[in-house]
Amino acid sequence: MADWVALLSFGPDGWGLALLQGAWITLSVAVVTLPFGLALGLAVALAFRSSSPFWRTAATLYTTVFRGLPELLTLYIIYFGIQLLVEHLIKLAGLQSQFSISPFLAGVVALGLVLAAFSAEVWLGAFNALHKGQVEGASALGLGRFQTFRHIVWPQLLRAALPGLGNNWMVLLKETSLVSVITLQDTMFIATRANVVTKEPFLFFGAAACIYLFFSVVSSIGLWALERRSARGFAPVGRQA
Amino acid sequence: MNWCSLPGYWIGFEVLERYGCRLADGFLITLQLVGWSFCLGLLFSLPLALMRLKAPLPVRALLVGYMTVFRGTPLLVQLFLVYYGLGSLRPFWQEMNLWWFFRDPLYCCLFAFTLNTAAYQAEIMRGALQAVPRGLSEAGRALGLSKGVILFRIELPQALMIALRPLGNELIIMVKASALGSLVTLYDLMGATKFAFARSFDLAIYLVAAVVYLALVEAIRRLWAVGERYLTRHLVARA
Amino acid sequence: MKRLLIGSLIAATVLATGVVQSQAQQKDWKEIRIGTEGAYPPFNNLNAKKELEGFEIDYANALCAKMQVKCTWVVQDWDGIIPALLSNKYDVIVAGMNATDERKKRVDFTSVYTRTPISMAGAKSIASTDVSPDALKGKTIGAQASTIHMNFLEAHYKGSTARGYPTQEEANLDLLNGRLDYIVADRLSLEDFIKGKGKDCCKIVADVKRDPTIHGPGVAMAIRKEDTALRDKLNAAIEASQKDGSLDAIGKKWLGFAPIQ
């Protein structure tokens, strides 16, 4: 027991600090990915609703690919592939420059692309839940397109999408554990290193599990509060049979 | 020449020709892993969901804990806890005559994946059971039907129909998650691809794996949709 | 939504500009980025303080001092170590990499700076020192994936089960756990394990016979094929370090003897 405390301590042989730094990286990857993935997802959802068959096909293709690929594979392809692609383009353009995609950026891009594919579905559902009469009513009142979106569509869209997006966020938090395989030193990376060095798998993977669990529980409490806030002004809904 | 090296030969992709058979073997392992863990998860999910709803408080609390932990932490952590954690207790498993199980990476994956997917599937089942309108079971009771009949003939069929779609999504998630097996020395499709890549350094082999995974997921999605339409045809007809 | 969109656009731009450093190509090699694995003690290892240490770390730093260049280290996992070199994440690999023909198709190598025996380790209870393919038929042997040791198993030990691990340390752990009957790796790396965590369980069973077509001439630094100037510069520094005895001195400190056997 005393050994375990020492191993988790912040002293020279303890992994406490490293684990905390890892937790910080986990959180940063997730937080940076979120706006990127959600915005891209909204764009994909808009493409789905577009009247142009080109955009609709593109959106279908996009979601099919990024929902179907294992995240681990997406991560490998982005990490090595984008690098080679950009290098190639730079050379084609005749420029001399060094481009290097950091594991952090590769992780954010890969997880963001996946998040976009899944959140597009949620946004789409929210659009469908929006009553057509709302927009018609707004235009009858003489509101402009932006005003309609800002004051009529967006608040309702957000309320309808929030539970689904919250779910996306929980999935994202857990998926960040994959970035450890492209050497980003997140919680999982540190736990893996600590395991091979100290040979204490239960301690370190248990600690990692606690960190993720902590993030998950805090998030679900936060989401619950957020959902209540966005639903204010609505009578509490009973059992929806 | 083996059949599995033919696709590479046809499209003139030497790396695929050389490692095609390994990829095919890996594909079979992926299928086995996903098939078994999903079905076992399904088997456990229903009793778990029922206990989660109806068992006495201590059991319920225990199940809430299990489901929260397994749904709140990454599968990768769970897999490593099983593979390196449980795998480090050799004397104990040998005494229990279970070392053959925890020694094998395939069984370790199966174990971790089943625990994980059972938690998710139990949650799906719970939601579905709760979404069945209460009036149905009340009507059953008014007719004097026994509890078992109400559960198995009235509530469950309805709940399964509601659960069908999220279960399909869960199966697809498992297909994708199975790639994690490659991190504990399993030569599944992902592991075989990494092997081929390490030998050839040709990134295109990852794209081949991507196409195979996509085809698998698409096939499952379509088949599932057909099955769903068949099972809910009475609802579709009315709509 | 606008705010969300604009916010993420800004974030994306900041990130993108953060990584694209349009500096002129360093033709004179005043700065060198070195890639290593950090999981192969005593050659290279990432410790609890997340610092790199080991024979190769000291040796490469000494070469950099000699060449009067600024060296920075990049940690990269083994599976991606050559792709990352090719995609310009760093300029040279110093990670206990053997200069094999298979790898020479993709990268160039400097002169050899380390050549140590390759061995099999196993449980203390193993009495025989026979590690031939026939003797190990039906056994489970572990090695690090994408290494010459794995290739060696694939080529010669067809009757055994070969398991590939992301790092050598994970393979060590599984020998300790009893999942593996043997592991194959550089003798020094195995000794490091057996002196430490593997003290009670395991021993070095025997050296394996080198297969030149698989094992290559020894450990060297890998560079991109087009960087011939860098290769010449490194070769000169390696040669100088052999002449003035600094290679042997650093070798003795970490390995206990001269690195080229």
# chains A, B, ... in the order shown; residues from 1 in each chain; ligands from 1

call {"tool": "residues_around", "arguments": {"residues": "C:Gly35", "least_positions_apart": "5", "cutoff": "6 Å", "atoms": "only C-alpha atoms", "output": "number ranges by chain"}}
result
C: 73-75, 90, 93

call {"tool": "interface_residues", "arguments": {"of": "chain B", "to": "chain A", "cutoff": "6 Å", "atoms": "only C-alpha atoms", "output": "compact mmCIF listing (two decimals) with N, CA and C atoms, in the first residue's frame"}}
result
# COMPACT_ATOMS: atom_id res chain seq x y z
N GLY B 72 -17.96 4.68 -18.76
CA GLY B 72 -17.31 5.96 -18.51
C GLY B 72 -15.81 5.95 -18.75
N THR B 73 -15.24 4.77 -19.04
CA THR B 73 -13.80 4.72 -19.28
C THR B 73 -13.54 4.14 -20.67
N PRO B 74 -12.40 4.48 -21.28
CA PRO B 74 -12.12 3.99 -22.62
C PRO B 74 -11.94 2.47 -22.63
N LEU B 81 -6.24 -3.28 -18.67
CA LEU B 81 -6.45 -3.79 -17.31
C LEU B 81 -6.60 -5.31 -17.34
N TYR B 84 -2.88 -6.82 -19.16
CA TYR B 84 -1.69 -6.71 -18.31
C TYR B 84 -2.01 -6.89 -16.83
N GLY B 85 -3.22 -6.44 -16.43
CA GLY B 85 -3.59 -6.56 -15.02
C GLY B 85 -3.91 -8.00 -14.65
N PRO B 133 -44.62 1.90 -23.36
CA PRO B 133 -45.67 2.62 -22.63
C PRO B 133 -46.22 1.78 -21.49
N LYS B 176 -15.47 -1.48 -35.08
CA LYS B 176 -14.38 -0.50 -35.12
C LYS B 176 -13.46 -0.64 -33.91
N LEU B 214 -14.70 -0.46 -44.08
CA LEU B 214 -15.88 0.26 -44.56
C LEU B 214 -16.88 -0.69 -45.16
N VAL B 217 -18.61 -2.60 -42.37
CA VAL B 217 -19.58 -1.78 -41.65
C VAL B 217 -20.80 -1.49 -42.50

call {"tool": "select_by_dssp", "arguments": {"residues": "stretch 3-240 of chain C", "states": "alpha helix (DSSP H)", "output": "count of residues only"}}
result
85

call {"tool": "atom_distance", "arguments": {"atom1": "atom CA of A:Leu17", "atom2": "atom CA of C:Phe43"}}
result
25.3 Å

call {"tool": "closest_atom_pairs", "arguments": {"of": "chain C", "to": "chain B", "cutoff": "10 Å", "atoms": "only C-alpha atoms", "output": "CSV"}}
result
residue,atom,partner,partner_atom,distance
C:Trp78,CA,B:Ala198,CA,9.5
C:Asp79,CA,B:Ala198,CA,6.6
C:Gly80,CA,B:Ala198,CA,8.2
C:Ile81,CA,B:Ala198,CA,9.7
C:Ile82,CA,B:Phe201,CA,7.8
C:Pro83,CA,B:Phe201,CA,6.8
C:Leu86,CA,B:Phe201,CA,9.8
C:Glu102,CA,B:Arg199,CA,7.7
C:Arg103,CA,B:Arg199,CA,8.5
C:Lys105,CA,B:Ser200,CA,9.3
C:Arg106,CA,B:Phe201,CA,7.9
C:Gly142,CA,B:Thr185,CA,9.3
C:Gln144,CA,B:Thr185,CA,9.7
C:Ala145,CA,B:Phe195,CA,7.6
C:Ser146,CA,B:Ala198,CA,5.2
C:Thr147,CA,B:Ala198,CA,8.5
C:Asn151,CA,B:Arg199,CA,8.8
C:Ala162,CA,B:Thr185,CA,9.4
C:Arg163,CA,B:Thr185,CA,5.9
C:Gly164,CA,B:Thr185,CA,5.4
C:Tyr165,CA,B:Thr185,CA,5.6
C:Pro166,CA,B:Leu183,CA,6.9
C:Glu170,CA,B:Tyr84,CA,9.0
C:Ala171,CA,B:Thr185,CA,9.5
C:Leu173,CA,B:Tyr84,CA,8.2
C:Asp174,CA,B:Tyr84,CA,7.9
C:Leu176,CA,B:Ser88,CA,8.0
C:Asn177,CA,B:Ser88,CA,5.0
C:Gly178,CA,B:Arg90,CA,7.0
C:Arg179,CA,B:Arg103,CA,5.2
C:Leu180,CA,B:Arg103,CA,8.6

call {"tool": "residues_around", "arguments": {"residues": "stretch 192-208 of chain C", "least_positions_apart": "3", "cutoff": "10 Å", "atoms": "only C-alpha atoms", "output": "number ranges by chain"}}
result
A: 196-199; C: 40-43, 117-132, 168-169, 172-173, 175-178, 182-189, 211, 255

call {"tool": "residues_around", "arguments": {"residues": "C:Ala222", "least_positions_apart": "5", "cutoff": "6 Å", "atoms": "only C-alpha atoms", "output": "PyMOL selection string"}}
result
chain C and resi 92-93+108-109

call {"tool": "atom_distance", "arguments": {"atom1": "atom CA of A:Ala30", "atom2": "atom CA of B:Phe70"}}
result
19.4 Å

call {"tool": "closest_atom_pairs", "arguments": {"of": "chain A", "to": "chain C", "cutoff": "8 Å", "atoms": "only C-alpha atoms", "output": "CSV"}}
result
residue,atom,partner,partner_atom,distance
A:Pro12,CA,C:Lys49,CA,7.1
A:Asp13,CA,C:Ala48,CA,6.4
A:Gly14,CA,C:Ala48,CA,7.2
A:Trp15,CA,C:Ala48,CA,6.3
A:Ala18,CA,C:Lys49,CA,7.4
A:Val32,CA,C:Ala11,CA,7.8
A:Pro35,CA,C:Ser8,CA,5.4
A:Phe36,CA,C:Ser8,CA,5.1
A:Ala39,CA,C:Leu5,CA,5.6
A:Phe80,CA,C:Pro83,CA,6.9
A:Gln83,CA,C:Ser87,CA,6.0
A:Leu84,CA,C:Ser87,CA,5.6
A:Glu87,CA,C:Ser87,CA,7.5
A:Gln96,CA,C:Ala24,CA,6.2
A:Ser97,CA,C:Ser22,CA,4.6
A:Gln98,CA,C:Ser22,CA,5.9
A:Phe99,CA,C:Val20,CA,5.0
A:Ser100,CA,C:Lys89,CA,5.7
A:Ile101,CA,C:Val19,CA,6.3
A:Ser102,CA,C:Val19,CA,7.1
A:Leu105,CA,C:Leu15,CA,7.3
A:Arg150,CA,C:Met1,CA,7.9
A:Trp154,CA,C:Met1,CA,7.1
A:Val181,CA,C:Asp77,CA,7.5
A:Ile182,CA,C:Asp77,CA,7.0
A:Thr183,CA,C:Gln76,CA,6.1
A:Ala194,CA,C:Ala48,CA,7.4
A:Val196,CA,C:Glu169,CA,5.9
A:Val197,CA,C:Glu169,CA,7.9
A:Lys199,CA,C:Leu173,CA,7.4

call {"tool": "write_last_selection", "arguments": {"atoms": "N, CA and C atoms", "output": "PDB file, in the first residue's frame"}}
result
ATOM      1  N   PRO A  12      10.346  12.276  -6.942  1.00  0.00           N
ATOM      2  CA  PRO A  12      11.171  11.947  -8.105  1.00  0.00           C
ATOM      3  C   PRO A  12      10.813  10.607  -8.744  1.00  0.00           C
ATOM      4  N   ASP A  13      10.423   9.614  -7.951  1.00  0.00           N
ATOM      5  CA  ASP A  13      10.096   8.312  -8.521  1.00  0.00           C
ATOM      6  C   ASP A  13       8.600   8.107  -8.677  1.00  0.00           C
ATOM      7  N   GLY A  14       7.854   9.149  -8.355  1.00  0.00           N
ATOM      8  CA  GLY A  14       6.406   9.018  -8.432  1.00  0.00           C
ATOM      9  C   GLY A  14       5.902   9.427  -9.806  1.00  0.00           C
ATOM     10  N   TRP A  15       4.786   8.858 -10.181  1.00  0.00           N
ATOM     11  CA  TRP A  15       4.210   9.153 -11.492  1.00  0.00           C
ATOM     12  C   TRP A  15       3.043  10.120 -11.374  1.00  0.00           C
ATOM     13  N   ALA A  18       3.297  13.211 -13.691  1.00  0.00           N
ATOM     14  CA  ALA A  18       3.174  12.792 -15.089  1.00  0.00           C
ATOM     15  C   ALA A  18       1.724  12.451 -15.414  1.00  0.00           C
ATOM     16  N   VAL A  32     -10.161  21.020 -27.510  1.00  0.00           N
ATOM     17  CA  VAL A  32      -9.827  21.656 -28.788  1.00  0.00           C
ATOM     18  C   VAL A  32     -10.578  20.980 -29.931  1.00  0.00           C
ATOM     19  N   PRO A  35     -15.071  22.121 -30.618  1.00  0.00           N
ATOM     20  CA  PRO A  35     -15.660  23.135 -31.497  1.00  0.00           C
ATOM     21  C   PRO A  35     -15.402  22.827 -32.974  1.00  0.00           C
ATOM     22  N   PHE A  36     -14.200  22.339 -33.256  1.00  0.00           N
ATOM     23  CA  PHE A  36     -13.853  21.990 -34.633  1.00  0.00           C
ATOM     24  C   PHE A  36     -14.786  20.906 -35.177  1.00  0.00           C
ATOM     25  N   ALA A  39     -18.595  22.146 -35.369  1.00  0.00           N
ATOM     26  CA  ALA A  39     -18.826  23.091 -36.458  1.00  0.00           C
ATOM     27  C   ALA A  39     -18.799  22.358 -37.793  1.00  0.00           C
ATOM     28  N   PHE A  80       0.244   9.908 -40.573  1.00  0.00           N
ATOM     29  CA  PHE A  80       1.284   9.719 -41.584  1.00  0.00           C
ATOM     30  C   PHE A  80       0.868  10.272 -42.940  1.00  0.00           C
ATOM     31  N   GLN A  83       0.811  14.258 -43.483  1.00  0.00           N
ATOM     32  CA  GLN A  83       2.189  14.722 -43.533  1.00  0.00           C
ATOM     33  C   GLN A  83       2.759  14.561 -44.952  1.00  0.00           C
ATOM     34  N   LEU A  84       2.618  13.335 -45.492  1.00  0.00           N
ATOM     35  CA  LEU A  84       3.159  13.055 -46.819  1.00  0.00           C
ATOM     36  C   LEU A  84       2.464  13.904 -47.877  1.00  0.00           C
ATOM     37  N   GLU A  87       3.632  17.546 -47.640  1.00  0.00           N
ATOM     38  CA  GLU A  87       5.006  17.608 -48.141  1.00  0.00           C
ATOM     39  C   GLU A  87       5.002  17.602 -49.671  1.00  0.00           C
ATOM     40  N   GLN A  96      10.112  25.749 -50.684  1.00  0.00           N
ATOM     41  CA  GLN A  96      11.007  25.052 -49.769  1.00  0.00           C
ATOM     42  C   GLN A  96      10.543  25.343 -48.358  1.00  0.00           C
ATOM     43  N   SER A  97       9.945  24.383 -47.749  1.00  0.00           N
ATOM     44  CA  SER A  97       9.549  24.642 -46.376  1.00  0.00           C
ATOM     45  C   SER A  97       9.451  23.321 -45.646  1.00  0.00           C
ATOM     46  N   GLN A  98       9.476  23.432 -44.356  1.00  0.00           N
ATOM     47  CA  GLN A  98       9.350  22.228 -43.555  1.00  0.00           C
ATOM     48  C   GLN A  98       8.005  22.237 -42.896  1.00  0.00           C
ATOM     49  N   PHE A  99       7.284  21.190 -43.135  1.00  0.00           N
ATOM     50  CA  PHE A  99       5.976  21.074 -42.515  1.00  0.00           C
ATOM     51  C   PHE A  99       6.013  19.858 -41.618  1.00  0.00           C
ATOM     52  N   SER A 100       5.486  20.024 -40.432  1.00  0.00           N
ATOM     53  CA  SER A 100       5.474  18.878 -39.550  1.00  0.00           C
ATOM     54  C   SER A 100       4.177  18.895 -38.774  1.00  0.00           C
ATOM     55  N   ILE A 101       3.394  17.847 -38.951  1.00  0.00           N
ATOM     56  CA  ILE A 101       2.127  17.796 -38.222  1.00  0.00           C
ATOM     57  C   ILE A 101       2.409  17.184 -36.861  1.00  0.00           C
ATOM     58  N   SER A 102       2.082  17.927 -35.822  1.00  0.00           N
ATOM     59  CA  SER A 102       2.371  17.433 -34.480  1.00  0.00           C
ATOM     60  C   SER A 102       1.369  16.341 -34.124  1.00  0.00           C
ATOM     61  N   LEU A 105      -1.933  17.921 -33.181  1.00  0.00           N
ATOM     62  CA  LEU A 105      -2.782  18.375 -34.277  1.00  0.00           C
ATOM     63  C   LEU A 105      -3.376  17.184 -35.015  1.00  0.00           C
ATOM     64  N   ARG A 150     -30.450  33.215 -35.819  1.00  0.00           N
ATOM     65  CA  ARG A 150     -29.916  33.547 -34.499  1.00  0.00           C
ATOM     66  C   ARG A 150     -30.980  33.438 -33.407  1.00  0.00           C
ATOM     67  N   TRP A 154     -31.583  28.711 -34.083  1.00  0.00           N
ATOM     68  CA  TRP A 154     -30.444  28.272 -33.265  1.00  0.00           C
ATOM     69  C   TRP A 154     -30.838  27.828 -31.854  1.00  0.00           C
ATOM     70  N   VAL A 181      -1.215   6.174 -29.039  1.00  0.00           N
ATOM     71  CA  VAL A 181      -0.450   5.350 -29.983  1.00  0.00           C
ATOM     72  C   VAL A 181       0.320   6.203 -30.982  1.00  0.00           C
ATOM     73  N   ILE A 182       0.004   7.496 -31.107  1.00  0.00           N
ATOM     74  CA  ILE A 182       0.860   8.331 -31.944  1.00  0.00           C
ATOM     75  C   ILE A 182       1.709   9.232 -31.036  1.00  0.00           C
ATOM     76  N   THR A 183       2.082   8.691 -29.893  1.00  0.00           N
ATOM     77  CA  THR A 183       3.067   9.259 -28.967  1.00  0.00           C
ATOM     78  C   THR A 183       2.681  10.596 -28.351  1.00  0.00           C
ATOM     79  N   ALA A 194       4.222   3.870 -17.328  1.00  0.00           N
ATOM     80  CA  ALA A 194       4.379   3.568 -15.903  1.00  0.00           C
ATOM     81  C   ALA A 194       4.223   2.067 -15.668  1.00  0.00           C
ATOM     82  N   VAL A 196       4.991  -0.447 -17.741  1.00  0.00           N
ATOM     83  CA  VAL A 196       6.160  -1.233 -18.123  1.00  0.00           C
ATOM     84  C   VAL A 196       7.350  -0.933 -17.223  1.00  0.00           C
ATOM     85  N   VAL A 197       7.416   0.276 -16.673  1.00  0.00           N
ATOM     86  CA  VAL A 197       8.554   0.597 -15.821  1.00  0.00           C
ATOM     87  C   VAL A 197       8.392  -0.005 -14.419  1.00  0.00           C
ATOM     88  N   LYS A 199       5.726  -2.162 -13.457  1.00  0.00           N
ATOM     89  CA  LYS A 199       5.075  -3.472 -13.398  1.00  0.00           C
ATOM     90  C   LYS A 199       3.919  -3.467 -12.395  1.00  0.00           C
TER      91      LYS A 199
END

call {"tool": "select_by_dssp", "arguments": {"residues": "stretch 14-110 of chain C", "states": "strand (DSSP E or B)", "output": "ChimeraX atom specification"}}
result
/C:20-21,31-36,39-40,44-46,52-53,70-75,92-93,98,108-110

call {"tool": "write_last_selection", "arguments": {"atoms": "N, CA and C atoms", "output": "PDB file, in the first residue's frame"}}
result
ATOM      1  N   VAL C  20       3.234  25.013 -39.362  1.00  0.00           N
ATOM      2  CA  VAL C  20       3.927  25.236 -40.624  1.00  0.00           C
ATOM      3  C   VAL C  20       4.999  26.289 -40.395  1.00  0.00           C
ATOM      4  N   GLN C  21       6.206  25.831 -40.279  1.00  0.00           N
ATOM      5  CA  GLN C  21       7.297  26.783 -40.114  1.00  0.00           C
ATOM      6  C   GLN C  21       8.030  26.858 -41.438  1.00  0.00           C
ATOM      7  N   GLU C  31      21.205  22.513 -37.328  1.00  0.00           N
ATOM      8  CA  GLU C  31      20.272  21.948 -36.369  1.00  0.00           C
ATOM      9  C   GLU C  31      19.841  20.572 -36.858  1.00  0.00           C
ATOM     10  N   ILE C  32      19.878  19.595 -35.962  1.00  0.00           N
ATOM     11  CA  ILE C  32      19.460  18.250 -36.352  1.00  0.00           C
ATOM     12  C   ILE C  32      18.392  17.765 -35.382  1.00  0.00           C
ATOM     13  N   ARG C  33      17.313  17.232 -35.945  1.00  0.00           N
ATOM     14  CA  ARG C  33      16.273  16.642 -35.091  1.00  0.00           C
ATOM     15  C   ARG C  33      16.461  15.120 -35.084  1.00  0.00           C
ATOM     16  N   ILE C  34      16.568  14.569 -33.901  1.00  0.00           N
ATOM     17  CA  ILE C  34      16.841  13.141 -33.777  1.00  0.00           C
ATOM     18  C   ILE C  34      15.601  12.417 -33.264  1.00  0.00           C
ATOM     19  N   GLY C  35      15.225  11.373 -33.964  1.00  0.00           N
ATOM     20  CA  GLY C  35      14.085  10.579 -33.509  1.00  0.00           C
ATOM     21  C   GLY C  35      14.565   9.343 -32.763  1.00  0.00           C
ATOM     22  N   THR C  36      13.923   9.034 -31.642  1.00  0.00           N
ATOM     23  CA  THR C  36      14.263   7.816 -30.926  1.00  0.00           C
ATOM     24  C   THR C  36      12.990   7.252 -30.309  1.00  0.00           C
ATOM     25  N   ALA C  39      12.040   3.493 -25.360  1.00  0.00           N
ATOM     26  CA  ALA C  39      11.500   2.338 -24.644  1.00  0.00           C
ATOM     27  C   ALA C  39      12.421   1.137 -24.830  1.00  0.00           C
ATOM     28  N   TYR C  40      13.716   1.376 -24.961  1.00  0.00           N
ATOM     29  CA  TYR C  40      14.641   0.294 -25.229  1.00  0.00           C
ATOM     30  C   TYR C  40      15.903   0.456 -24.395  1.00  0.00           C
ATOM     31  N   ASN C  44      18.027   3.498 -25.224  1.00  0.00           N
ATOM     32  CA  ASN C  44      17.295   4.755 -25.097  1.00  0.00           C
ATOM     33  C   ASN C  44      16.079   4.495 -24.246  1.00  0.00           C
ATOM     34  N   ASN C  45      15.780   5.407 -23.351  1.00  0.00           N
ATOM     35  CA  ASN C  45      14.711   5.142 -22.392  1.00  0.00           C
ATOM     36  C   ASN C  45      14.126   6.446 -21.877  1.00  0.00           C
ATOM     37  N   LEU C  46      12.812   6.456 -21.743  1.00  0.00           N
ATOM     38  CA  LEU C  46      12.127   7.627 -21.217  1.00  0.00           C
ATOM     39  C   LEU C  46      11.793   7.335 -19.756  1.00  0.00           C
ATOM     40  N   LEU C  52      14.831  11.665 -21.505  1.00  0.00           N
ATOM     41  CA  LEU C  52      15.479  10.581 -22.229  1.00  0.00           C
ATOM     42  C   LEU C  52      16.829  10.281 -21.599  1.00  0.00           C
ATOM     43  N   GLU C  53      17.162   8.996 -21.524  1.00  0.00           N
ATOM     44  CA  GLU C  53      18.477   8.627 -21.020  1.00  0.00           C
ATOM     45  C   GLU C  53      18.919   7.353 -21.719  1.00  0.00           C
ATOM     46  N   LYS C  70      23.184  21.943 -33.102  1.00  0.00           N
ATOM     47  CA  LYS C  70      22.174  21.913 -32.056  1.00  0.00           C
ATOM     48  C   LYS C  70      21.251  20.723 -32.337  1.00  0.00           C
ATOM     49  N   CYS C  71      21.152  19.840 -31.358  1.00  0.00           N
ATOM     50  CA  CYS C  71      20.324  18.657 -31.569  1.00  0.00           C
ATOM     51  C   CYS C  71      19.084  18.697 -30.685  1.00  0.00           C
ATOM     52  N   THR C  72      17.955  18.349 -31.278  1.00  0.00           N
ATOM     53  CA  THR C  72      16.733  18.221 -30.481  1.00  0.00           C
ATOM     54  C   THR C  72      16.211  16.799 -30.638  1.00  0.00           C
ATOM     55  N   TRP C  73      15.595  16.288 -29.569  1.00  0.00           N
ATOM     56  CA  TRP C  73      15.123  14.902 -29.576  1.00  0.00           C
ATOM     57  C   TRP C  73      13.619  14.841 -29.764  1.00  0.00           C
ATOM     58  N   VAL C  74      13.207  13.849 -30.542  1.00  0.00           N
ATOM     59  CA  VAL C  74      11.787  13.610 -30.746  1.00  0.00           C
ATOM     60  C   VAL C  74      11.517  12.155 -30.384  1.00  0.00           C
ATOM     61  N   VAL C  75      10.521  11.931 -29.543  1.00  0.00           N
ATOM     62  CA  VAL C  75      10.180  10.545 -29.195  1.00  0.00           C
ATOM     63  C   VAL C  75       9.093  10.048 -30.148  1.00  0.00           C
ATOM     64  N   VAL C  92      17.117  12.213 -38.373  1.00  0.00           N
ATOM     65  CA  VAL C  92      17.916  11.008 -38.220  1.00  0.00           C
ATOM     66  C   VAL C  92      17.309  10.148 -37.110  1.00  0.00           C
ATOM     67  N   ILE C  93      17.380   8.830 -37.320  1.00  0.00           N
ATOM     68  CA  ILE C  93      16.895   7.904 -36.292  1.00  0.00           C
ATOM     69  C   ILE C  93      18.085   7.354 -35.532  1.00  0.00           C
ATOM     70  N   ASN C  98      18.979  -1.731 -36.591  1.00  0.00           N
ATOM     71  CA  ASN C  98      19.928  -2.482 -37.389  1.00  0.00           C
ATOM     72  C   ASN C  98      19.774  -2.128 -38.863  1.00  0.00           C
ATOM     73  N   ASP C 108      18.624   5.458 -45.823  1.00  0.00           N
ATOM     74  CA  ASP C 108      20.066   5.249 -45.860  1.00  0.00           C
ATOM     75  C   ASP C 108      20.578   5.060 -44.437  1.00  0.00           C
ATOM     76  N   PHE C 109      21.723   4.394 -44.315  1.00  0.00           N
ATOM     77  CA  PHE C 109      22.297   4.219 -42.986  1.00  0.00           C
ATOM     78  C   PHE C 109      23.708   4.797 -42.923  1.00  0.00           C
ATOM     79  N   THR C 110      24.082   5.243 -41.718  1.00  0.00           N
ATOM     80  CA  THR C 110      25.454   5.679 -41.484  1.00  0.00           C
ATOM     81  C   THR C 110      26.309   4.444 -41.215  1.00  0.00           C
TER      82      THR C 110
END

call {"tool": "decode", "arguments": {"residues": "stretch 110-126 of chain B", "atoms": "C-alpha atoms", "output": "PDB file, in the first residue's frame"}}
result
ATOM      1  CA  LEU B 110     -12.991 -11.285 -25.947  1.00  0.00           C
ATOM      2  CA  PHE B 111     -13.302 -10.905 -22.183  1.00  0.00           C
ATOM      3  CA  ALA B 112     -12.715  -7.138 -22.153  1.00  0.00           C
ATOM      4  CA  PHE B 113     -14.911  -6.496 -25.204  1.00  0.00           C
ATOM      5  CA  THR B 114     -17.748  -8.598 -23.813  1.00  0.00           C
ATOM      6  CA  LEU B 115     -17.693  -6.801 -20.463  1.00  0.00           C
ATOM      7  CA  ASN B 116     -17.682  -3.496 -22.295  1.00  0.00           C
ATOM      8  CA  THR B 117     -20.399  -4.198 -24.827  1.00  0.00           C
ATOM      9  CA  ALA B 118     -22.598  -5.919 -22.237  1.00  0.00           C
ATOM     10  CA  ALA B 119     -22.609  -2.679 -20.237  1.00  0.00           C
ATOM     11  CA  TYR B 120     -23.624  -0.639 -23.284  1.00  0.00           C
ATOM     12  CA  GLN B 121     -26.180  -3.165 -24.473  1.00  0.00           C
ATOM     13  CA  ALA B 122     -27.681  -3.429 -20.987  1.00  0.00           C
ATOM     14  CA  GLU B 123     -28.093   0.337 -20.990  1.00  0.00           C
ATOM     15  CA  ILE B 124     -29.787   0.162 -24.400  1.00  0.00           C
ATOM     16  CA  MET B 125     -32.120  -2.561 -23.128  1.00  0.00           C
ATOM     17  CA  ARG B 126     -32.901  -0.609 -19.994  1.00  0.00           C
TER      18      ARG B 126
END
